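Listing of query.txt; format and content: compact mmCIF, C-alpha atoms.
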```
# COMPACT_ATOMS: atom_id res chain seq x y z
CA MET A 1 -41.31 58.20 6.51
CA LYS A 2 -38.11 58.71 8.41
CA ILE A 3 -36.51 55.64 6.83
CA ILE A 4 -37.35 56.90 3.32
CA SER A 5 -35.94 60.35 4.17
CA LYS A 6 -32.74 58.80 5.52
CA ALA A 7 -32.45 56.60 2.43
CA LYS A 8 -32.92 59.61 0.12
CA TYR A 9 -30.33 61.55 2.12
CA ILE A 10 -27.79 58.69 1.98
CA PHE A 11 -28.52 58.16 -1.74
CA SER A 12 -28.02 61.89 -2.41
CA ILE A 13 -24.69 61.90 -0.53
CA LEU A 14 -23.53 58.81 -2.44
CA ALA A 15 -24.62 60.34 -5.77
CA ILE A 16 -22.71 63.57 -5.04
CA PHE A 17 -19.65 61.55 -3.96
CA ALA A 18 -19.81 59.43 -7.16
CA LEU A 19 -20.20 62.56 -9.28
CA ALA A 20 -17.18 64.18 -7.60
CA ILE A 21 -15.04 61.08 -8.19
CA SER A 22 -16.13 60.96 -11.85
CA ALA A 23 -15.34 64.65 -12.35
CA ALA A 24 -11.91 64.24 -10.75
CA ALA A 25 -11.15 61.22 -12.95
CA LEU A 26 -12.26 63.08 -16.07
CA ALA A 27 -10.12 66.10 -15.18
CA LYS A 28 -7.11 63.84 -14.61
CA ARG A 29 -7.70 62.11 -17.96
CA GLN A 30 -7.93 65.50 -19.73
CA GLU A 31 -4.72 66.63 -17.99
CA LYS A 32 -2.89 63.60 -19.34
CA SER A 33 -4.23 64.12 -22.86
CA ALA A 34 -3.44 67.85 -23.00
CA PRO A 35 -0.56 68.55 -25.38
CA PRO A 36 2.69 69.57 -23.73
CA ALA A 37 3.42 73.30 -23.65
CA LYS A 38 5.32 74.52 -26.71
CA PRO A 39 8.95 75.35 -25.81
CA GLY A 40 9.30 79.09 -25.35
CA ALA A 41 5.54 79.73 -25.25
CA ALA A 42 5.62 81.22 -21.74
CA GLU A 43 8.61 83.40 -22.61
CA MET A 44 6.95 84.70 -25.79
CA GLU A 45 3.76 85.38 -23.83
CA ARG A 46 5.78 87.61 -21.51
CA VAL A 47 6.89 89.93 -24.36
CA LYS A 48 3.42 90.40 -25.86
CA PHE A 49 3.25 93.81 -24.21
CA TYR A 50 5.07 95.02 -27.34
CA LEU A 51 2.18 94.08 -29.65
CA GLY A 52 0.38 96.92 -31.42
CA GLU A 53 1.25 100.34 -32.76
CA TRP A 54 3.21 102.85 -30.73
CA ASP A 55 3.98 106.54 -31.20
CA TYR A 56 7.37 107.38 -29.75
CA THR A 57 9.87 110.12 -29.15
CA GLU A 58 13.61 109.48 -29.21
CA THR A 59 15.67 111.80 -27.04
CA TYR A 60 19.41 111.73 -27.79
CA GLU A 61 21.83 112.70 -25.06
CA LYS A 62 24.54 115.28 -25.78
CA SER A 63 27.66 113.58 -27.11
CA LYS A 64 30.64 114.18 -29.39
CA GLN A 65 28.52 113.04 -32.32
CA LEU A 66 25.50 115.10 -31.20
CA PRO A 67 26.81 118.11 -29.24
CA ASP A 68 23.28 119.52 -28.81
CA GLY A 69 21.49 116.22 -28.27
CA GLY A 70 18.15 116.14 -30.02
CA GLN A 71 14.77 114.54 -30.59
CA ASP A 72 13.08 112.52 -33.33
CA THR A 73 9.59 111.06 -33.47
CA GLY A 74 8.37 107.86 -35.00
CA VAL A 75 5.96 104.95 -35.20
CA TYR A 76 6.74 101.43 -34.00
CA THR A 77 4.59 98.45 -35.00
CA SER A 78 4.86 95.00 -33.41
CA LYS A 79 3.09 91.81 -34.50
CA LEU A 80 3.45 88.09 -33.89
CA GLY A 81 5.65 86.15 -36.27
CA PRO A 82 4.88 82.68 -37.68
CA GLY A 83 3.42 80.34 -35.07
CA GLY A 84 3.76 83.00 -32.36
CA ASN A 85 7.45 82.04 -32.01
CA SER A 86 8.71 85.55 -32.67
CA LEU A 87 7.77 89.21 -32.66
CA ILE A 88 8.31 91.23 -35.81
CA ASN A 89 8.82 94.89 -35.04
CA THR A 90 9.16 97.64 -37.62
CA PHE A 91 9.90 101.25 -36.90
CA HIS A 92 10.30 104.51 -38.77
CA THR A 93 11.68 107.70 -37.27
CA GLN A 94 11.72 111.20 -38.73
CA GLY A 95 13.37 114.31 -37.40
CA PRO A 96 16.39 116.55 -37.57
CA TYR A 97 18.66 113.52 -38.01
CA GLY A 98 16.78 112.31 -41.09
CA ASP A 99 14.69 109.24 -41.76
CA PHE A 100 15.58 105.99 -40.01
CA GLU A 101 13.88 102.69 -40.78
CA GLY A 102 14.43 99.43 -39.02
CA LEU A 103 13.27 95.91 -38.38
CA LEU A 104 13.69 93.95 -35.15
CA ILE A 105 12.96 90.26 -34.88
CA LEU A 106 12.70 89.00 -31.31
CA THR A 107 12.51 85.32 -30.36
CA TRP A 108 13.22 82.92 -27.50
CA ASP A 109 16.22 80.60 -27.81
CA PRO A 110 15.48 77.50 -25.68
CA LYS A 111 19.08 76.23 -25.87
CA GLU A 112 20.51 79.46 -24.44
CA LYS A 113 17.45 80.11 -22.29
CA ALA A 114 17.57 83.71 -23.50
CA TYR A 115 15.79 86.10 -25.83
CA LYS A 116 17.54 86.90 -29.12
CA GLN A 117 16.95 90.09 -31.03
CA TYR A 118 18.12 90.65 -34.59
CA GLY A 119 18.22 94.30 -35.68
CA PHE A 120 18.33 95.53 -39.27
CA ALA A 121 18.31 99.17 -40.39
CA ASN A 122 18.62 101.35 -43.45
CA ASP A 123 21.88 102.96 -42.32
CA PHE A 124 24.06 99.86 -41.77
CA PRO A 125 24.52 96.52 -43.55
CA GLY A 126 23.99 93.16 -41.88
CA ALA A 127 22.36 92.69 -38.50
CA ILE A 128 23.07 93.51 -34.89
CA LEU A 129 22.49 90.53 -32.63
CA GLU A 130 21.54 91.09 -29.01
CA THR A 131 20.85 88.62 -26.19
CA GLY A 132 18.27 89.42 -23.52
CA GLN A 133 16.71 88.46 -20.21
CA PHE A 134 14.20 90.00 -17.86
CA GLU A 135 15.86 91.63 -14.87
CA GLY A 136 12.96 92.40 -12.57
CA ASP A 137 10.33 94.11 -14.73
CA ALA A 138 12.82 95.35 -17.35
CA LEU A 139 13.74 93.42 -20.49
CA ILE A 140 17.50 93.90 -20.92
CA PHE A 141 19.30 93.22 -24.21
CA ARG A 142 23.07 93.31 -24.64
CA GLY A 143 25.13 93.18 -27.82
CA GLU A 144 28.32 94.28 -29.52
CA PHE A 145 29.30 95.48 -32.97
CA SER A 146 32.26 97.19 -34.63
CA MET A 147 32.46 100.56 -36.31
CA GLY A 148 35.86 100.55 -37.98
CA ALA A 149 38.41 100.05 -35.21
CA THR A 150 35.90 100.90 -32.50
CA LYS A 151 34.17 98.07 -30.65
CA VAL A 152 30.79 99.25 -29.38
CA ALA A 153 28.92 97.50 -26.57
CA ILE A 154 25.21 98.25 -26.24
CA ARG A 155 22.69 97.63 -23.48
CA ASN A 156 19.00 98.30 -23.95
CA SER A 157 16.53 98.37 -21.06
CA THR A 158 12.79 98.40 -21.81
CA ARG A 159 10.00 98.45 -19.24
CA LEU A 160 6.33 99.27 -19.03
CA VAL A 161 5.73 102.34 -16.89
CA GLY A 162 1.94 102.37 -17.07
CA PRO A 163 -0.93 101.11 -19.20
CA GLY A 164 0.12 101.60 -22.82
CA LYS A 165 3.34 103.42 -21.92
CA LEU A 166 6.90 102.16 -22.07
CA ILE A 167 10.40 103.55 -21.74
CA SER A 168 13.42 102.14 -23.51
CA GLU A 169 16.94 103.36 -22.77
CA GLU A 170 20.00 102.58 -24.89
CA PHE A 171 23.41 102.71 -23.24
CA ILE A 172 26.66 102.49 -25.19
CA SER A 173 30.32 101.93 -24.43
CA ALA A 174 33.18 102.33 -26.90
CA ASN A 175 36.32 100.18 -26.55
CA GLY A 176 35.55 99.19 -22.95
CA ALA A 177 34.94 102.73 -21.61
CA PRO A 178 32.19 103.17 -19.00
CA GLU A 179 28.77 103.02 -20.59
CA LYS A 180 26.73 106.18 -21.10
CA LEU A 181 23.08 106.81 -21.83
CA PHE A 182 22.86 107.46 -25.57
CA LEU A 183 19.12 107.42 -26.27
CA ARG A 184 15.82 107.32 -24.40
CA ILE A 185 12.56 106.32 -26.07
CA ASP A 186 9.19 107.26 -24.59
CA ALA A 187 6.39 105.33 -26.32
CA THR A 188 2.61 105.47 -26.09
CA LYS A 189 0.37 102.75 -27.53
CA ARG A 190 -2.16 103.95 -30.08
```
Represent the structure from my file as structure tokens, please.
Amino acid sequence: MKIISKAKYIFSILAIFALAISAAALAKRQEKSAPPAKPGAAEMERVKFYLGEWDYTETYEKSKQLPDGGQDTGVYTSKLGPGGNSLINTFHTQGPYGDFEGLLILTWDPKEKAYKQYGFANDFPGAILETGQFEGDALIFRGEFSMGATKVAIRNSTRLVGPGKLISEEFISANGAPEKLFLRIDATKR
């Protein structure tokens, strides 16, 4: 009886060992046959926090253009673009400064190893191009454009501050002057 028990025990150990080797070989084979990760997939995954509909308030700092500062409210909608290679963001703001509509297209540029954001709006022709990277937990975009003889540099910092809440701050600099906070956006996901 003891010999049969030992034989069953040894057979069981060998069967488990063989099963483990087979499972490891199968996993290795599946690893090799898995398609390579799509360039930019990880970077686009990181910006999916934007997806959905957001209610937001824009708070403008006091400036020469806006001596009293001010607030507008709006709705921001973000969805995946074709193949998940971009985010398409639309927004509409209403308030004392009128109606403002815009479109932002955000994507990852593998050659530059940076995010690119193309901004279009109802109150200016063409597009504003910004380049971005994560700096810690904030997504920072920088860009430049001209308004007549004035060269304007912009920096936008967006970060999640809690579940379904984000803050975006827009800083501007004219003709190389020190940058100043121009606008703060507080958004809450619907």
Calculate how many Å separate CA of His92 (chain A) from CA of Tyr118 (chain A), rounding to one decimal. 16.5 Å
Taking all atoms of region 61-75 of chain A that appear in the file, build a box with edges along x, y and z, extend it by 6 Å on every side, and state its centre and edge lengths in Å to one decimal, as lines of an AutoDock Vina configuration file.
```
center_x = 18.3
center_y = 112.2
center_z = -30.1
size_x = 36.7
size_y = 26.6
size_z = 22.1
```
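One distance worth recording is that between CA of Phe124 (chain A) and CA of Val152 (chain A), which is 14.1 Å.
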Applying 10 Å and all atoms listed in the file, which residues near region 140-150 of chain A remain after dropping the ones on its own chain fewer than 6 positions away? List them as a VMD selection string. chain A and resid 114 to 117 127 to 134 156 to 159 168 to 176
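Here CA of Asp68 (chain A) stands at a distance of 24.1 Å from CA of Lys151 (chain A).
In this comparison, which uses only C-alpha atoms, the residue of A:Pro82, A:Phe182, A:Leu166, A:Phe100 approaching Pro67 (chain A) most closely is A:Phe182.
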Have region 153-166 of chain A completed to N, CA and C atoms, please, and pass it along as a short mmCIF file (atom, residue, chain, number, x, y, z; two decimals), in the coordinates of the input.
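Full text of rebuild26.cif as output:
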```cif
data_model
loop_
_atom_site.label_atom_id
_atom_site.label_comp_id
_atom_site.auth_asym_id
_atom_site.auth_seq_id
_atom_site.Cartn_x
_atom_site.Cartn_y
_atom_site.Cartn_z
N ALA A 153 29.79 98.36 -27.36
CA ALA A 153 28.92 97.50 -26.57
C ALA A 153 27.63 98.28 -26.32
N ILE A 154 26.50 97.61 -26.46
CA ILE A 154 25.21 98.25 -26.24
C ILE A 154 24.42 97.48 -25.20
N ARG A 155 23.62 98.23 -24.45
CA ARG A 155 22.69 97.63 -23.48
C ARG A 155 21.40 98.41 -23.61
N ASN A 156 20.31 97.69 -23.83
CA ASN A 156 19.00 98.30 -23.95
C ASN A 156 18.11 97.79 -22.84
N SER A 157 17.45 98.70 -22.15
CA SER A 157 16.53 98.37 -21.06
C SER A 157 15.15 98.90 -21.41
N THR A 158 14.16 98.00 -21.49
CA THR A 158 12.79 98.40 -21.81
C THR A 158 11.86 97.93 -20.71
N ARG A 159 10.96 98.82 -20.29
CA ARG A 159 10.00 98.45 -19.24
C ARG A 159 8.70 99.24 -19.43
N LEU A 160 7.62 98.58 -19.05
CA LEU A 160 6.33 99.27 -19.03
C LEU A 160 6.31 100.19 -17.82
N VAL A 161 5.81 101.40 -18.01
CA VAL A 161 5.73 102.34 -16.89
C VAL A 161 4.29 102.72 -16.57
N GLY A 162 3.36 102.13 -17.29
CA GLY A 162 1.94 102.37 -17.07
C GLY A 162 1.17 101.71 -18.20
N PRO A 163 -0.14 101.71 -18.12
CA PRO A 163 -0.93 101.11 -19.20
C PRO A 163 -0.64 101.81 -20.53
N GLY A 164 -0.16 101.05 -21.50
CA GLY A 164 0.12 101.60 -22.82
C GLY A 164 1.28 102.57 -22.88
N LYS A 165 2.18 102.52 -21.92
CA LYS A 165 3.34 103.42 -21.92
C LYS A 165 4.59 102.61 -21.58
N LEU A 166 5.64 102.82 -22.38
CA LEU A 166 6.90 102.16 -22.07
C LEU A 166 8.05 103.12 -22.27
#
```
